[in-house]
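Enquirer: Enclosed is the structure file run_35.cif (mmCIF, C-alpha atoms).
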```
data_start
#
loop_
_atom_site.label_atom_id
_atom_site.label_comp_id
_atom_site.auth_asym_id
_atom_site.auth_seq_id
_atom_site.Cartn_x
_atom_site.Cartn_y
_atom_site.Cartn_z
CA MET B 278 0.00 0.00 0.00
CA GLN B 279 1.22 3.46 -0.85
CA PHE B 280 -0.02 6.84 0.30
CA GLU B 281 1.10 10.41 -0.22
CA TYR B 282 0.23 13.52 1.78
CA LYS B 283 1.11 17.18 1.35
CA ILE B 284 2.21 19.44 4.19
CA GLN B 285 2.06 23.23 4.05
CA GLY B 286 4.59 25.14 6.11
CA GLY B 287 2.90 26.96 9.00
CA ASP B 288 -0.40 25.11 8.60
CA PHE B 289 -0.60 23.75 12.13
CA ALA B 290 -4.36 23.18 11.87
CA ASN B 291 -3.68 20.28 9.49
CA ALA B 292 -0.44 19.04 11.03
CA GLY B 293 -1.02 15.45 12.02
CA THR B 294 -3.39 14.57 9.19
CA ALA B 295 -0.93 12.11 7.63
CA SER B 296 -0.12 10.54 11.01
CA SER B 297 -3.81 10.20 11.81
CA ASN B 298 -4.55 8.48 8.48
CA VAL B 299 -1.56 6.16 8.78
CA LYS B 300 -2.69 5.21 12.29
CA LYS B 301 -6.15 4.25 10.97
CA VAL B 302 -4.65 2.13 8.17
CA LEU B 303 -2.24 0.32 10.52
CA LYS B 304 -5.10 -0.40 12.95
CA GLN B 305 -7.17 -1.82 10.11
CA ILE B 306 -4.42 -4.26 9.17
CA ASN B 307 -4.04 -5.27 12.84
CA VAL B 308 -0.53 -4.04 13.51
CA ASP B 309 0.43 -4.24 17.20
CA ALA B 310 -0.68 -1.09 19.09
CA LYS B 311 2.79 -0.42 20.53
CA ILE B 312 4.34 -0.56 17.06
CA ILE B 313 1.62 1.75 15.68
CA LYS B 314 2.31 4.26 18.44
CA ARG B 315 6.03 4.38 17.67
CA ILE B 316 5.35 4.91 13.95
CA VAL B 317 2.74 7.64 14.33
CA VAL B 318 4.68 9.52 17.03
CA ALA B 319 7.71 9.59 14.69
CA LEU B 320 5.59 10.68 11.73
CA TYR B 321 3.77 13.32 13.75
CA GLU B 322 7.08 14.77 14.97
CA ALA B 323 8.22 14.87 11.33
CA GLU B 324 5.01 16.61 10.23
CA ILE B 325 5.40 19.19 12.99
CA ASN B 326 9.02 19.78 11.91
CA VAL B 327 7.94 20.52 8.33
CA CYS B 328 5.12 22.80 9.53
CA ALA B 329 7.45 24.62 11.90
CA HIS B 330 10.47 25.09 9.64
CA ALA B 331 9.76 24.47 5.94
CA PHE B 332 7.70 26.09 3.18
CA LEU B 333 6.08 22.89 1.99
CA GLY B 334 6.62 19.20 2.13
CA LYS B 335 5.28 15.79 1.30
CA VAL B 336 4.98 12.48 3.10
CA MET B 337 5.31 9.24 1.15
CA VAL B 338 4.29 6.04 2.89
CA ASN B 339 4.93 2.51 1.67
CA ILE B 340 3.47 -0.37 3.70
CA THR B 341 4.42 -3.98 3.06
CA PRO B 342 3.56 -7.00 5.24
CA GLU B 343 6.99 -6.71 6.90
CA LYS B 344 7.60 -3.00 7.30
CA ILE B 345 6.54 0.58 6.78
CA GLU B 346 8.85 2.98 4.97
CA ILE B 347 8.18 6.69 5.31
CA ASP B 348 9.85 9.56 3.45
CA VAL B 349 9.25 13.13 4.58
CA ILE B 350 10.70 15.56 2.06
CA ASP B 351 10.51 19.31 2.39
CA LYS B 352 11.54 22.49 0.62
CA GLY B 353 12.82 24.99 3.11
CA PRO B 354 15.84 26.41 4.90
CA GLY B 355 17.38 22.99 5.55
CA ILE B 356 19.39 22.06 8.63
CA GLN B 357 22.81 23.65 9.06
CA ASN B 358 24.21 21.08 11.47
CA ILE B 359 22.42 17.72 11.60
CA ASP B 360 24.55 16.41 14.49
CA LEU B 361 23.50 19.39 16.58
CA ALA B 362 19.86 19.01 15.53
CA MET B 363 19.96 15.40 16.74
CA GLU B 364 20.90 16.53 20.26
CA GLU B 365 18.04 16.74 22.74
CA GLY B 366 17.27 20.35 23.60
CA PHE B 367 18.72 21.98 20.49
CA SER B 368 16.07 23.94 18.60
CA THR B 369 15.80 26.80 16.14
CA ALA B 370 11.98 26.97 16.41
CA SER B 371 10.27 30.36 16.50
CA PRO B 372 8.39 31.65 19.57
CA ALA B 373 5.12 31.00 17.65
CA VAL B 374 6.02 27.30 17.33
CA ARG B 375 6.87 27.14 21.02
CA GLU B 376 3.46 28.59 21.85
CA MET B 377 1.95 25.63 19.97
CA GLY B 378 3.63 23.31 22.49
CA PHE B 379 6.61 22.32 20.35
CA GLY B 380 10.13 23.56 19.62
CA ALA B 381 11.81 22.02 22.63
CA GLY B 382 14.46 20.31 20.55
CA MET B 383 12.99 16.86 21.08
CA GLY B 384 11.67 16.16 17.56
CA LEU B 385 14.54 14.48 15.73
CA PRO B 386 15.82 12.57 18.80
CA ASN B 387 12.29 11.30 19.38
CA ILE B 388 11.97 10.22 15.75
CA LYS B 389 15.22 8.26 16.10
CA ARG B 390 14.00 6.67 19.35
CA ASN B 391 10.74 5.53 17.77
CA THR B 392 12.05 4.11 14.50
CA ASP B 393 14.05 1.03 13.58
CA GLU B 394 16.05 2.80 10.85
CA MET B 395 16.43 6.52 10.21
CA GLN B 396 18.35 8.58 7.67
CA ILE B 397 18.35 12.34 7.27
CA GLU B 398 19.93 14.50 4.60
CA SER B 399 19.71 18.24 4.32
CA GLU B 400 20.94 21.05 2.11
CA VAL B 401 20.88 24.59 3.45
CA ASN B 402 18.39 26.82 1.62
CA LYS B 403 17.00 23.83 -0.31
CA GLY B 404 15.39 21.42 2.09
CA THR B 405 15.51 18.25 4.13
CA SER B 406 14.82 14.60 3.37
CA LEU B 407 14.00 12.25 6.21
CA ARG B 408 13.52 8.54 5.71
CA PHE B 409 12.59 6.05 8.38
CA VAL B 410 11.57 2.42 8.57
CA ASN B 411 9.67 0.46 11.20
CA TYR B 412 9.22 -3.28 11.14
CA LEU B 413 5.62 -4.35 11.66
CA ILE B 414 6.20 -7.69 13.30
CA SER B 415 7.06 -7.50 16.97
CA SER B 416 10.32 -9.26 17.85
CA ILE B 417 9.01 -10.03 21.36
CA MET I 1404 7.98 19.96 62.73
CA LEU I 1405 5.82 17.63 60.69
CA SER I 1406 2.57 16.87 62.45
CA SER I 1407 1.23 13.37 62.74
CA ILE I 1408 -1.64 14.39 60.44
CA GLY I 1409 0.91 15.55 57.89
CA GLN I 1410 2.84 12.27 58.17
CA GLN I 1411 -0.34 10.28 57.80
CA TYR I 1412 -1.32 12.35 54.75
CA CYS I 1413 2.05 11.75 53.11
CA PHE I 1414 1.85 8.04 53.80
CA LYS I 1415 -1.69 7.82 52.48
CA LYS I 1416 -1.10 9.59 49.20
CA TYR I 1417 1.85 7.37 48.26
CA ASP I 1418 0.29 4.15 49.45
CA GLU I 1419 -3.23 4.23 48.11
CA HIS I 1420 -2.98 4.40 44.33
CA THR I 1421 -6.21 3.81 42.55
CA SER I 1422 -7.96 4.30 39.23
CA MET I 1423 -10.72 6.74 38.38
CA ASN I 1424 -13.29 7.25 35.67
CA GLN I 1425 -14.16 10.54 33.98
CA LYS I 1426 -17.17 11.28 36.19
CA GLU I 1427 -15.15 10.85 39.39
CA ILE I 1428 -12.43 13.09 37.97
CA ALA I 1429 -14.90 15.82 36.92
CA LYS I 1430 -16.57 15.72 40.33
CA LEU I 1431 -13.26 16.08 42.20
CA LEU I 1432 -12.24 19.01 40.03
CA ASN I 1433 -15.66 20.66 39.83
CA ALA I 1434 -15.08 20.42 36.08
CA ARG I 1435 -17.14 20.00 32.92
CA ILE I 1436 -17.02 16.96 30.62
CA ILE I 1437 -17.48 18.44 27.15
CA ALA I 1438 -16.75 15.28 25.16
CA GLY I 1439 -16.64 11.82 26.56
CA GLU I 1440 -19.51 9.57 25.63
CA ALA I 1441 -17.11 7.00 24.17
CA GLY I 1442 -14.91 6.96 27.26
CA GLU I 1443 -17.53 6.49 29.98
CA ASP I 1444 -16.25 3.05 30.92
CA MET I 1445 -12.55 3.96 30.88
CA ASP I 1446 -10.55 3.94 34.10
CA TYR I 1447 -7.35 5.94 34.48
CA GLU I 1448 -4.38 5.18 36.71
CA PHE I 1449 -1.78 7.78 35.68
CA ALA I 1450 -1.65 11.48 34.94
CA PHE I 1451 0.91 13.70 33.25
CA ALA I 1452 0.78 17.50 33.41
CA SER I 1453 2.47 19.53 30.68
CA ASP I 1454 1.98 22.39 28.25
CA LEU I 1455 4.86 21.03 26.20
CA MET I 1456 3.58 18.53 23.64
CA SER I 1457 7.17 17.55 22.76
CA ASP I 1458 7.41 16.01 26.25
CA VAL I 1459 4.02 14.31 25.96
CA LEU I 1460 5.21 12.59 22.77
CA THR I 1461 8.01 10.88 24.69
CA ILE I 1462 5.63 9.06 27.06
CA ASP I 1463 5.09 5.34 26.79
CA THR I 1464 2.34 4.61 29.31
CA ASP I 1465 -1.25 3.48 28.85
CA SER I 1466 -4.27 4.49 30.91
CA LEU I 1467 -3.01 8.05 31.11
CA ILE I 1468 -4.67 11.43 31.58
CA LEU I 1469 -3.08 14.54 30.08
CA ILE I 1470 -3.45 17.71 32.14
CA THR I 1471 -2.63 20.76 30.01
CA GLY I 1472 -3.22 24.47 29.66
CA LEU I 1473 -2.68 24.22 25.91
CA ALA I 1474 -6.10 24.69 24.32
CA ASN I 1475 -5.36 24.06 20.67
CA LEU I 1476 -5.80 21.35 18.07
CA GLN I 1477 -2.26 20.06 18.55
CA ALA I 1478 -3.05 19.05 22.13
CA ILE I 1479 -5.71 16.68 20.77
CA ARG I 1480 -3.48 15.48 17.91
CA THR I 1481 -0.64 14.82 20.34
CA ALA I 1482 -2.98 12.81 22.57
CA GLU I 1483 -4.22 10.88 19.53
CA MET I 1484 -0.69 9.85 18.53
CA SER I 1485 0.27 9.04 22.13
CA ASP I 1486 -2.82 6.84 22.73
CA ILE I 1487 -4.03 9.21 25.46
CA SER I 1488 -7.81 9.13 25.70
CA CYS I 1489 -8.51 11.74 28.39
CA ILE I 1490 -7.44 15.39 28.38
CA ILE I 1491 -8.12 17.92 31.13
CA VAL I 1492 -7.79 21.50 29.91
CA VAL I 1493 -6.93 23.63 32.96
CA ARG I 1494 -6.70 27.30 33.98
CA GLY I 1495 -10.21 27.99 32.67
CA LYS I 1496 -9.17 27.60 29.02
CA LYS I 1497 -11.98 26.75 26.62
CA ALA I 1498 -11.69 23.98 24.07
CA THR I 1499 -12.43 25.18 20.53
CA GLU I 1500 -15.14 23.56 18.41
CA ASP I 1501 -12.39 21.94 16.26
CA MET I 1502 -10.85 20.44 19.38
CA VAL I 1503 -14.17 19.01 20.53
CA GLN I 1504 -14.88 17.51 17.09
CA LEU I 1505 -11.45 15.91 16.85
CA ALA I 1506 -11.75 14.57 20.40
CA ILE I 1507 -15.14 12.99 19.58
CA GLU I 1508 -13.76 11.52 16.32
CA ASN I 1509 -10.99 9.87 18.33
CA LYS I 1510 -13.30 8.69 21.12
CA MET I 1511 -11.54 10.88 23.67
CA THR I 1512 -12.76 12.43 26.87
CA LEU I 1513 -12.26 16.20 27.06
CA ILE I 1514 -12.71 17.97 30.38
CA GLU I 1515 -12.58 21.72 31.07
CA CYS I 1516 -11.38 22.72 34.52
CA ASP I 1517 -11.07 26.20 36.05
CA PHE I 1518 -8.30 25.26 38.49
CA THR I 1519 -4.58 25.85 37.93
CA MET I 1520 -2.45 22.99 36.68
CA PHE I 1521 -0.85 22.73 40.14
CA LYS I 1522 -4.17 22.50 41.97
CA THR I 1523 -5.62 20.05 39.44
CA SER I 1524 -2.55 17.82 39.70
CA GLY I 1525 -2.55 18.01 43.50
CA ILE I 1526 -6.18 17.00 43.82
CA LEU I 1527 -5.82 14.05 41.45
CA PHE I 1528 -2.55 12.91 43.02
CA ASN I 1529 -4.06 13.07 46.47
CA ALA I 1530 -7.03 11.06 45.22
CA GLY I 1531 -4.70 8.28 44.12
CA LEU I 1532 -3.69 8.86 40.51
CA LYS I 1533 -0.06 7.97 39.90
CA ALA I 1534 2.75 10.10 38.50
CA LEU I 1535 4.76 8.58 35.64
CA TYR I 1536 8.14 9.24 37.22
#
```
Starting from the file, lay out its structure as structure tokens.
Expert:
Amino acid sequence: MQFEYKIQGGDFANAGTASSNVKKVLKQINVDAKIIKRIVVALYEAEINVCAHAFLGKVMVNITPEKIEIDVIDKGPGIQNIDLAMEEGFSTASPAVREMGFGAGMGLPNIKRNTDEMQIESEVNKGTSLRFVNYLISSI
Amino acid sequence: MLSSIGQQYCFKKYDEHTSMNQKEIAKLLNARIIAGEAGEDMDYEFAFASDLMSDVLTIDTDSLILITGLANLQAIRTAEMSDISCIIVVRGKKATEDMVQLAIENKMTLIECDFTMFKTSGILFNAGLKALY
């Protein structure tokens, strides 16, 4: 199954739409609730990041019986120092984003924590590509 | 000097953890349930108080209530992703119509409370709800 969603920078009213839809699909195919939670928390953090920092973006989701692969690609200012952005507490979010309850510098570390594989590439003044994978069969 | 009543109180609040449903919570807080039909049978054991949704998204506990002063759509979305089915909006903040609709869609309980976050948390903790850490 493949899905694609658009994200508009600054459109916080619709941030979370992709995560919400993916959650419904994963529930329908009976994926374990703990695995679903990890996937949708990671995707929601990624959606918020695009909303908070980029001009526009898209989410591409590919679900197979074994895994879910998600690409979140945006056009925007990019990330100057990815290592720094991966540190808990580092944030360049605006005061407006902080008033929404985000911008604490937890987003990327939380995405890493909730995914089985994660890759991020960024070019300053062009944009950021995030790819992550979660396996759908619990190893427990 | 700590009085014997104080010592007893401290002992009681740490020793008698319990679970509560939405009606018991609303009664304790003199609060209003504005969405919650789907969650009438739910019991809650834990509560987490925060205005920072980034922190809420790091929680991995079920049967949890979110106490927040953040009255916007992202509070509901954050709860949805975190499998939190009960939100108490404190400090007299009003939930918007969009928030109520999204809460109903996700079968959540939404409670409006006029107390501060500190007072709300204190009452629920004293009544037996557990802290996460």
Enquirer: With all atoms listed in the file as the atoms that count, which of I:Lys1426, I:Arg1480, I:Lys1510, I:Arg1494 lies nearest to chain B?
Expert: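 Of I:Lys1426, I:Arg1480, I:Lys1510, I:Arg1494, the one nearest chain B is I:Arg1480, counting all atoms listed in the file.
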Enquirer: Could you tell me which residues the PyMOL selection byres ((chain B and resi 339) around 6) grabs in this file, written as JSON, numbers by chain?
Expert: {"B": [278, 279, 338, 340, 345, 346]}
Enquirer: What would the selection look like, as a ChimeraX atom specification, if the PyMOL selection byres ((chain I) within 6 of (chain B)) were run on the coordinates I just shared?
Expert: /I:1455-1457,1484
Enquirer: Given the file above and the PyMOL selection byres ((chain I and resi 1442) around 9), which residues are selected, and can you give them as a list in words?
Expert: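 Matching residues under the PyMOL selection byres ((chain I and resi 1442) around 9) are Asn1424, Gln1425, Ala1438, Gly1439, Glu1440, Ala1441, Glu1443, Asp1444, Met1445, Asp1446, Ser1488, Cys1489, Lys1510, Met1511 and Thr1512 of chain I.
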Enquirer: Create the file for the chosen residues now, containing C-alpha atoms and written as a PDB file, in the frame of the given file.
Expert:
```
ATOM      1  CA  ASN I1424     -13.290   7.250  35.670  1.00  0.00           C
ATOM      2  CA  GLN I1425     -14.160  10.540  33.980  1.00  0.00           C
ATOM      3  CA  ALA I1438     -16.750  15.280  25.160  1.00  0.00           C
ATOM      4  CA  GLY I1439     -16.640  11.820  26.560  1.00  0.00           C
ATOM      5  CA  GLU I1440     -19.510   9.570  25.630  1.00  0.00           C
ATOM      6  CA  ALA I1441     -17.110   7.000  24.170  1.00  0.00           C
ATOM      7  CA  GLU I1443     -17.530   6.490  29.980  1.00  0.00           C
ATOM      8  CA  ASP I1444     -16.250   3.050  30.920  1.00  0.00           C
ATOM      9  CA  MET I1445     -12.550   3.960  30.880  1.00  0.00           C
ATOM     10  CA  ASP I1446     -10.550   3.940  34.100  1.00  0.00           C
ATOM     11  CA  SER I1488      -7.810   9.130  25.700  1.00  0.00           C
ATOM     12  CA  CYS I1489      -8.510  11.740  28.390  1.00  0.00           C
ATOM     13  CA  LYS I1510     -13.300   8.690  21.120  1.00  0.00           C
ATOM     14  CA  MET I1511     -11.540  10.880  23.670  1.00  0.00           C
ATOM     15  CA  THR I1512     -12.760  12.430  26.870  1.00  0.00           C
TER      16      THR I1512
END
```
Enquirer: Could you list as a list in words every residue that has an atom within 12 Å of (1.4, 2.6, 27.5), using the file's coordinates and counting only C-alpha atoms?
Expert: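 Neighbouring residues, ordered by chain and number, come to Ala310, Lys311, Ile312, Ile313, Lys314 and Arg315 of chain B; Tyr1447, Glu1448, Phe1449, Ala1450, Leu1460, Thr1461, Ile1462, Asp1463, Thr1464, Asp1465, Ser1466, Leu1467, Ile1468, Met1484, Ser1485, Asp1486, Ile1487, Ser1488 and Leu1535 of chain I.
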Enquirer: Quick one, how far is CA of Asn1509 in chain I from CA of Ile1436 in chain I?
Expert: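 Value for the CA of Asn1509 in chain I-CA of Ile1436 in chain I distance: 15.4 Å.
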Enquirer: To one decimal in Å, tell me the separation between CA of Phe409 in chain B and CA of Val374 in chain B.
Expert: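 So the answer is 24.0 Å.
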Enquirer: I'd like the neighbourhood of Thr1523 in chain I as a ChimeraX atom specification, where a residue qualifies if any of its atoms comes within 12 Å (using all atoms listed in the file), though same-chain residues fewer than 5 positions away should be ignored.
Expert: /I:1428-1434,1450-1453,1468-1472,1491-1495,1514-1518,1528-1530,1532
Enquirer: So that I can see what lies close to Thr1499 in chain I, please list as a PyMOL selection string the residues with an atom at most 10 Å from it, counting all atoms listed in the file and leaving out residues fewer than 5 positions away in the same chain.
Expert: chain I and resi 1474-1476+1504
Enquirer: Between CA of Arg408 in chain B and CA of Glu281 in chain B, what is the distance in Å, rounded to a tenth?
Expert: 13.9 Å
Enquirer: In terms of the shortest atom-to-atom distance over only C-alpha atoms, which of B:Ala329, B:Ile414, B:Gly334, B:Lys304 is closest to Lys352 in chain B?
Expert: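 Closest candidate: B:Gly334.
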Enquirer: Render range 1477-1489 of chain I from the structure in the preceding block as a file of all heavy atoms, as a compact mmCIF listing (two decimals), in the first residue's frame.
Expert:
```txt
# COMPACT_ATOMS: atom_id res chain seq x y z
N GLN I 1477 -3.43 20.93 18.43
CA GLN I 1477 -2.26 20.06 18.55
C GLN I 1477 -2.25 19.27 19.87
O GLN I 1477 -1.64 18.21 19.95
CB GLN I 1477 -0.98 20.86 18.39
CG GLN I 1477 -0.81 21.46 16.99
CD GLN I 1477 -1.13 20.50 15.88
OE1 GLN I 1477 -0.77 19.33 15.93
NE2 GLN I 1477 -1.84 20.97 14.86
N ALA I 1478 -2.93 19.81 20.87
CA ALA I 1478 -3.05 19.05 22.13
C ALA I 1478 -3.83 17.76 21.88
O ALA I 1478 -3.48 16.69 22.38
CB ALA I 1478 -3.72 19.90 23.20
N ILE I 1479 -4.89 17.87 21.07
CA ILE I 1479 -5.71 16.68 20.77
C ILE I 1479 -4.93 15.73 19.85
O ILE I 1479 -4.92 14.52 20.05
CB ILE I 1479 -7.04 17.09 20.08
CG1 ILE I 1479 -7.75 18.21 20.85
CG2 ILE I 1479 -7.95 15.87 19.92
CD1 ILE I 1479 -8.28 17.83 22.19
N ARG I 1480 -4.27 16.31 18.83
CA ARG I 1480 -3.48 15.48 17.91
C ARG I 1480 -2.37 14.73 18.66
O ARG I 1480 -2.12 13.55 18.42
CB ARG I 1480 -2.83 16.35 16.83
CG ARG I 1480 -3.76 16.78 15.73
CD ARG I 1480 -4.02 15.66 14.75
NE ARG I 1480 -4.78 16.13 13.61
CZ ARG I 1480 -5.69 15.40 12.99
NH1 ARG I 1480 -5.98 14.17 13.40
NH2 ARG I 1480 -6.33 15.87 11.96
N THR I 1481 -1.72 15.44 19.56
CA THR I 1481 -0.64 14.82 20.34
C THR I 1481 -1.19 13.66 21.17
O THR I 1481 -0.59 12.58 21.23
CB THR I 1481 0.02 15.87 21.27
OG1 THR I 1481 0.58 16.89 20.45
CG2 THR I 1481 1.11 15.25 22.13
N ALA I 1482 -2.34 13.88 21.78
CA ALA I 1482 -2.98 12.81 22.57
C ALA I 1482 -3.34 11.63 21.67
O ALA I 1482 -3.15 10.47 22.04
CB ALA I 1482 -4.22 13.36 23.26
N GLU I 1483 -3.84 11.94 20.47
CA GLU I 1483 -4.22 10.88 19.53
C GLU I 1483 -3.01 10.00 19.21
O GLU I 1483 -3.10 8.77 19.26
CB GLU I 1483 -4.77 11.52 18.23
CG GLU I 1483 -5.14 10.50 17.16
CD GLU I 1483 -5.44 11.14 15.82
OE1 GLU I 1483 -5.46 12.39 15.70
OE2 GLU I 1483 -5.66 10.37 14.86
N MET I 1484 -1.88 10.63 18.90
CA MET I 1484 -0.69 9.85 18.53
C MET I 1484 -0.11 9.09 19.73
O MET I 1484 0.50 8.05 19.58
CB MET I 1484 0.41 10.76 17.94
CG MET I 1484 -0.04 11.55 16.74
SD MET I 1484 -0.98 10.57 15.55
CE MET I 1484 -1.92 11.88 14.78
N SER I 1485 -0.31 9.64 20.92
CA SER I 1485 0.27 9.04 22.13
C SER I 1485 -0.68 8.05 22.81
O SER I 1485 -0.40 7.59 23.92
CB SER I 1485 0.63 10.15 23.13
OG SER I 1485 1.49 11.07 22.54
N ASP I 1486 -1.81 7.76 22.16
CA ASP I 1486 -2.82 6.84 22.73
C ASP I 1486 -3.32 7.32 24.10
O ASP I 1486 -3.54 6.52 25.01
CB ASP I 1486 -2.28 5.41 22.85
CG ASP I 1486 -2.12 4.75 21.49
OD1 ASP I 1486 -2.80 5.18 20.55
OD2 ASP I 1486 -1.31 3.82 21.37
N ILE I 1487 -3.47 8.64 24.23
CA ILE I 1487 -4.03 9.21 25.46
C ILE I 1487 -5.50 9.51 25.19
O ILE I 1487 -5.82 10.23 24.25
CB ILE I 1487 -3.28 10.52 25.85
CG1 ILE I 1487 -1.84 10.20 26.23
CG2 ILE I 1487 -4.01 11.25 26.98
CD1 ILE I 1487 -0.97 11.43 26.39
N SER I 1488 -6.38 8.98 26.02
CA SER I 1488 -7.81 9.13 25.70
C SER I 1488 -8.55 10.08 26.63
O SER I 1488 -9.76 10.21 26.53
CB SER I 1488 -8.48 7.75 25.70
OG SER I 1488 -8.42 7.20 26.99
N CYS I 1489 -7.84 10.77 27.52
CA CYS I 1489 -8.51 11.74 28.39
C CYS I 1489 -7.62 12.97 28.56
O CYS I 1489 -6.45 12.85 28.94
CB CYS I 1489 -8.82 11.12 29.75
SG CYS I 1489 -9.67 12.25 30.87
```
